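See structure below.
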Amino acid sequence: MMNQTVQDLLVSKKGILALDWSPTTIAKQFEAVGLRSTAELNRIYRQMLVTTPDLNKYVSGIILHDETINQKLDSNMSFVDYLIQQGIVAGVRGDNGSEKYKDTEQNMSYGTETLDERFKKYANLGIKFTKWRAGFKVSDIYPSDEFLDESIKRLTEFAKISHKYNLVPFVEPDVEIKGTHTTTRCAEISGKILQKLFESLQSESINLSDVILKTNMILPGVDSGVIAEPLEVANATLRVYRRFVPKEVGGIVLLSGGITYSDSTLYLDKIEDLSKNDPWKISFSFARALQKDALAQWAGKSEMVEEAQRVLINRLQKVTKARMGEL
């Protein structure tokens with residue numbers, strides 16, 4: 001059952017659309033275009049995206065937020081039922097966002113204590129996969145070992161509970177792009193995290209073929225002043241994956257993590273180009289990189305829905321070409 005979900009999500013010429021912004025993130029994104037986030041406006045926005053004509057030609061799965069799962073389209077159909085009807089695999093975010101970790105500058109994702117109850121409900125609604133994001137701040141002293149160990153513990157618990165309900169977990173260690181760190185430092189930390197993550201998953205006898213890794217590309221921090229070329233990013237990224245990601249893993253989906261749509265697409269294209277002999281399928285699961293321009297086009301105006309949907313489809317057409325290494 002889970003293996004079929006993995007195959008459905010990683011099908012050729014499609015990718016995963018992340019519509020699971022936390023309340024804090026969606027509020028910031030809305031504010032940037034002059035809107036104030038409310039549950040109803042969030043619903044209208046996400047409805048616009050999921051009902052985009054021909055979306056299922058380019059999108060295999062969509063990650064929803066708990067808020068959206070409990071809402072309905074104007075037609076009174078639930079978001080989950082609508083996606084199933086369209087042949088799109090429905091997923092859900094498992095973590096409840098992040099909070100300050102002790103007295104450090106690091107933020108820890110939380111919500112494990114309610115996962116069992118929530119995932120049982122989600123599975124009964126037709127959800128097939130889940131996601132837990134663990135963000136990692138990078139500096140000379142971060143991430144701390146204590147923070148890293150606790151983050152891996154929560155990711156592992158999340159994966160275990162997902163499998164209990166036949167849900168495919170997207171384990172998402174995200175080495176954040178904010179900061180002045182070098183590509184080398186990003187690779188060092190990413191490798192350390194991936195090594196600990198898979199050691200932890202295997203110690204709990206979690207079947208890695210029913211797990212999808214969602215993670216960052218290897219990049220210098222945005223405040224470093226360094227502009228990474230696609231070939232450099234692809235080589236650095238694949239070096240880390242080849243060393244630390246077991247071949248049994250169901251697949252790898254790349255996150256955009258604040259990188260522009262243009263750069264994300266170019267990096268993805270080059271990674272796909274150089275990874276044809278690697279053991280895992282590599283796809284994408286972008287949020288901001290795909291949504292930003294559509295959100296700006298819409299900006300809360302009902303008369304701009306069709307134009308915003310066209311923007312989204314244009315973005316998806318290009319990024320799915322990149323996913324095939326065909327740019």
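Following the order of the structure tokens, chains are lettered A, B, ..., residues in each are numbered from 1, and ligands are numbered from 1.
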
Quick one: residues within 10 Å of Leu238 (chain A), only C-alpha atoms counted, chain neighbours fewer than 5 positions away excluded, as number ranges by chain? A: 217-218, 233, 243-245, 271-272, 274-275, 278

When DSSP works through the backbone of this structure, what residues of region 137-292 of chain A end up as strand (DSSP E), shown as a list in words?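 Written out, the strand (DSSP E) residues of region 137-292 of chain A are Val168, Pro169, Phe170, Val171, Glu172, Pro173, Asp174, Val175, Ile212, Leu213, Lys214, Thr215, Gly251, Ile252, Val253, Leu254, Ile282, Ser283, Phe284, Ser285 and Phe286 of chain A.
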
Quick one: residues within 7 Å of Gly94 (chain A), only C-alpha atoms counted, chain neighbours fewer than 4 positions away excluded, as a count of residues only? 4

What's the 12 Å shell around Val305 (chain A), counting only C-alpha atoms, without same-chain residues fewer than 3 positions away, as a PyMOL selection string? chain A and resi 44-53+294-302+308-312

Show me, as JSON lines, the residues of region 219-259 of chain A having an atom within 9 Å of region 282-293 of chain A, each with the closest atom pair and its distance in Å, using only C-alpha atoms.
{"residue": "A:Gly251", "atom": "CA", "partner": "A:Ile282", "partner_atom": "CA", "distance": 6.0}
{"residue": "A:Ile252", "atom": "CA", "partner": "A:Ile282", "partner_atom": "CA", "distance": 4.8}
{"residue": "A:Val253", "atom": "CA", "partner": "A:Phe284", "partner_atom": "CA", "distance": 4.5}
{"residue": "A:Leu254", "atom": "CA", "partner": "A:Phe284", "partner_atom": "CA", "distance": 4.5}
{"residue": "A:Leu255", "atom": "CA", "partner": "A:Phe286", "partner_atom": "CA", "distance": 5.3}
{"residue": "A:Ser256", "atom": "CA", "partner": "A:Phe286", "partner_atom": "CA", "distance": 5.3}
{"residue": "A:Gly257", "atom": "CA", "partner": "A:Arg288", "partner_atom": "CA", "distance": 7.7}
{"residue": "A:Gly258", "atom": "CA", "partner": "A:Arg288", "partner_atom": "CA", "distance": 6.7}
{"residue": "A:Ile259", "atom": "CA", "partner": "A:Ala289", "partner_atom": "CA", "distance": 6.8}

Can you list, as a ChimeraX atom specification, every residue of region 33-168 of chain A that DSSP puts in helix (DSSP H, G or I)? /A:39-50,55-57,66-69,79-85,112-125,145-164

Residue neighbourhood Pro143 (chain A), 10 Å, only C-alpha atoms, exclusion window fewer than 2 positions, as a PyMOL selection string: chain A and resi 104-106+135-141+145-149+175+189+193

For the residues in the current selection, export N, CA and C atoms as a compact mmCIF listing (two decimals), in the first residue's frame.
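Output contents, as saved in out-v2.txt:
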# COMPACT_ATOMS: atom_id res chain seq x y z
N THR A 104 18.44 29.12 23.08
CA THR A 104 19.29 29.25 21.89
C THR A 104 18.58 30.05 20.80
N GLU A 105 19.26 30.25 19.70
CA GLU A 105 18.66 30.93 18.54
C GLU A 105 18.07 29.93 17.56
N GLN A 106 17.88 28.70 17.99
CA GLN A 106 17.36 27.64 17.14
C GLN A 106 15.87 27.44 17.39
N GLY A 135 13.79 22.22 10.77
CA GLY A 135 14.69 23.25 10.26
C GLY A 135 15.98 23.31 11.08
N PHE A 136 17.10 23.59 10.39
CA PHE A 136 18.40 23.67 11.07
C PHE A 136 19.10 24.97 10.71
N LYS A 137 19.26 25.81 11.70
CA LYS A 137 20.02 27.05 11.54
C LYS A 137 21.50 26.69 11.47
N VAL A 138 22.22 27.33 10.54
CA VAL A 138 23.64 27.04 10.37
C VAL A 138 24.48 28.27 10.73
N SER A 139 25.49 28.05 11.56
CA SER A 139 26.48 29.08 11.89
C SER A 139 27.73 28.35 12.37
N ASP A 140 28.67 29.07 12.95
CA ASP A 140 29.86 28.41 13.48
C ASP A 140 29.53 27.50 14.66
N ILE A 141 28.45 27.80 15.38
CA ILE A 141 28.10 27.01 16.57
C ILE A 141 26.81 26.21 16.43
N ASP A 145 24.63 19.98 19.09
CA ASP A 145 24.44 18.52 19.12
C ASP A 145 23.14 18.15 19.82
N GLU A 146 22.82 18.85 20.91
CA GLU A 146 21.60 18.55 21.65
C GLU A 146 20.37 18.81 20.78
N PHE A 147 20.38 19.93 20.08
CA PHE A 147 19.27 20.27 19.19
C PHE A 147 19.15 19.24 18.08
N LEU A 148 20.28 18.88 17.49
CA LEU A 148 20.28 17.91 16.40
C LEU A 148 19.71 16.57 16.86
N ASP A 149 20.13 16.10 18.00
CA ASP A 149 19.65 14.80 18.51
C ASP A 149 18.15 14.83 18.75
N VAL A 175 18.27 22.26 6.04
CA VAL A 175 19.36 23.15 6.42
C VAL A 175 19.05 24.51 5.79
N ILE A 189 27.14 20.04 7.44
CA ILE A 189 25.99 19.91 8.34
C ILE A 189 24.93 19.00 7.74
N ILE A 193 23.53 15.53 9.48
CA ILE A 193 22.11 15.33 9.78
C ILE A 193 21.59 14.08 9.11

Which residues are close to Val211 (chain A), i.e. within 8 Å by only C-alpha atoms, leaving aside same-chain residues fewer than 6 positions away? Reply as a list in words.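 Returned residues: Val6, Ala159, Val168, Pro169, Phe170, Val171, Val249, Gly250 and Gly251 of chain A.
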
Which residue out of A:Arg323, A:Lys14, A:His65, A:Lys196 has the minimum interatomic distance to Ile88 (chain A) when only C-alpha atoms are used? A:Lys14

From the set A:His163, A:Lys276, A:Lys178, A:Lys153, which residue has the shortest atom-to-atom contact distance to Glu199 (chain A), counting only C-alpha atoms?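 Ranking A:His163, A:Lys276, A:Lys178, A:Lys153 by distance to Glu199 (chain A), first place goes to A:Lys153.
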
Can you pull out every residue within 9 Å of Lys160 (chain A), counting only C-alpha atoms, but drop anything in the same chain fewer than 6 positions away, and send it as a short mmCIF file (atom, residue, chain, number, x, y, z; two decimals) with all heavy atoms, in the first residue's frame?
data_model
loop_
_atom_site.label_atom_id
_atom_site.label_comp_id
_atom_site.auth_asym_id
_atom_site.auth_seq_id
_atom_site.Cartn_x
_atom_site.Cartn_y
_atom_site.Cartn_z
N PRO A 169 5.84 8.72 5.09
CA PRO A 169 6.38 9.93 5.70
C PRO A 169 7.40 10.63 4.80
O PRO A 169 8.29 9.99 4.24
CB PRO A 169 7.06 9.41 6.97
CG PRO A 169 7.46 8.00 6.62
CD PRO A 169 6.46 7.49 5.63
N LEU A 201 16.43 6.02 11.94
CA LEU A 201 15.31 5.32 11.30
C LEU A 201 15.58 3.82 11.24
O LEU A 201 14.69 3.00 11.51
CB LEU A 201 15.09 5.88 9.90
CG LEU A 201 14.58 7.32 9.79
CD1 LEU A 201 14.54 7.78 8.34
CD2 LEU A 201 13.20 7.47 10.42
N GLU A 204 15.17 1.83 14.42
CA GLU A 204 13.78 1.57 14.77
C GLU A 204 13.11 0.62 13.76
O GLU A 204 11.89 0.45 13.76
CB GLU A 204 12.99 2.88 14.84
CG GLU A 204 13.41 3.81 15.96
CD GLU A 204 13.05 3.26 17.33
OE1 GLU A 204 12.11 2.44 17.42
OE2 GLU A 204 13.72 3.65 18.30
N ILE A 206 12.54 0.92 10.64
CA ILE A 206 11.60 1.57 9.71
C ILE A 206 12.02 1.22 8.28
O ILE A 206 13.17 1.36 7.90
CB ILE A 206 11.59 3.09 9.94
CG1 ILE A 206 10.94 3.39 11.29
CG2 ILE A 206 10.87 3.82 8.81
CD1 ILE A 206 11.06 4.83 11.74
#

CA of Asp66 (chain A) to CA of Ser37 (chain A), straight-line distance in Å: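 If I compute the distance from CA of Ser37 (chain A) to CA of Asp66 (chain A), I get 15.5 Å.
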
For a quick check of understanding, using only C-alpha atoms, which of A:Ala322, A:Leu19, A:Ala228, A:Leu213 has the smallest distance to Asp273 (chain A)?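 So, comparing all the options, the nearest one is A:Ala322.
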
Pick the closest to Ser203 (chain A) from A:Thr265, A:Asn277, A:Ser22, A:Thr156: which is it, counting only C-alpha atoms? A:Thr156

Nearest residue to Lys247 (chain A) out of A:Lys214, A:Lys281, A:Asn56, A:Tyr267, using only C-alpha atoms?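 Looking only at the distances to Lys247 (chain A), the closest residue turns out to be A:Lys281.
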
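Put simply, CA of Leu197 (chain A) is 8.6 Å away from CA of Pro173 (chain A).
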
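Across the structure, CA of Thr180 (chain A) and CA of Pro220 (chain A) are spaced 7.3 Å apart.
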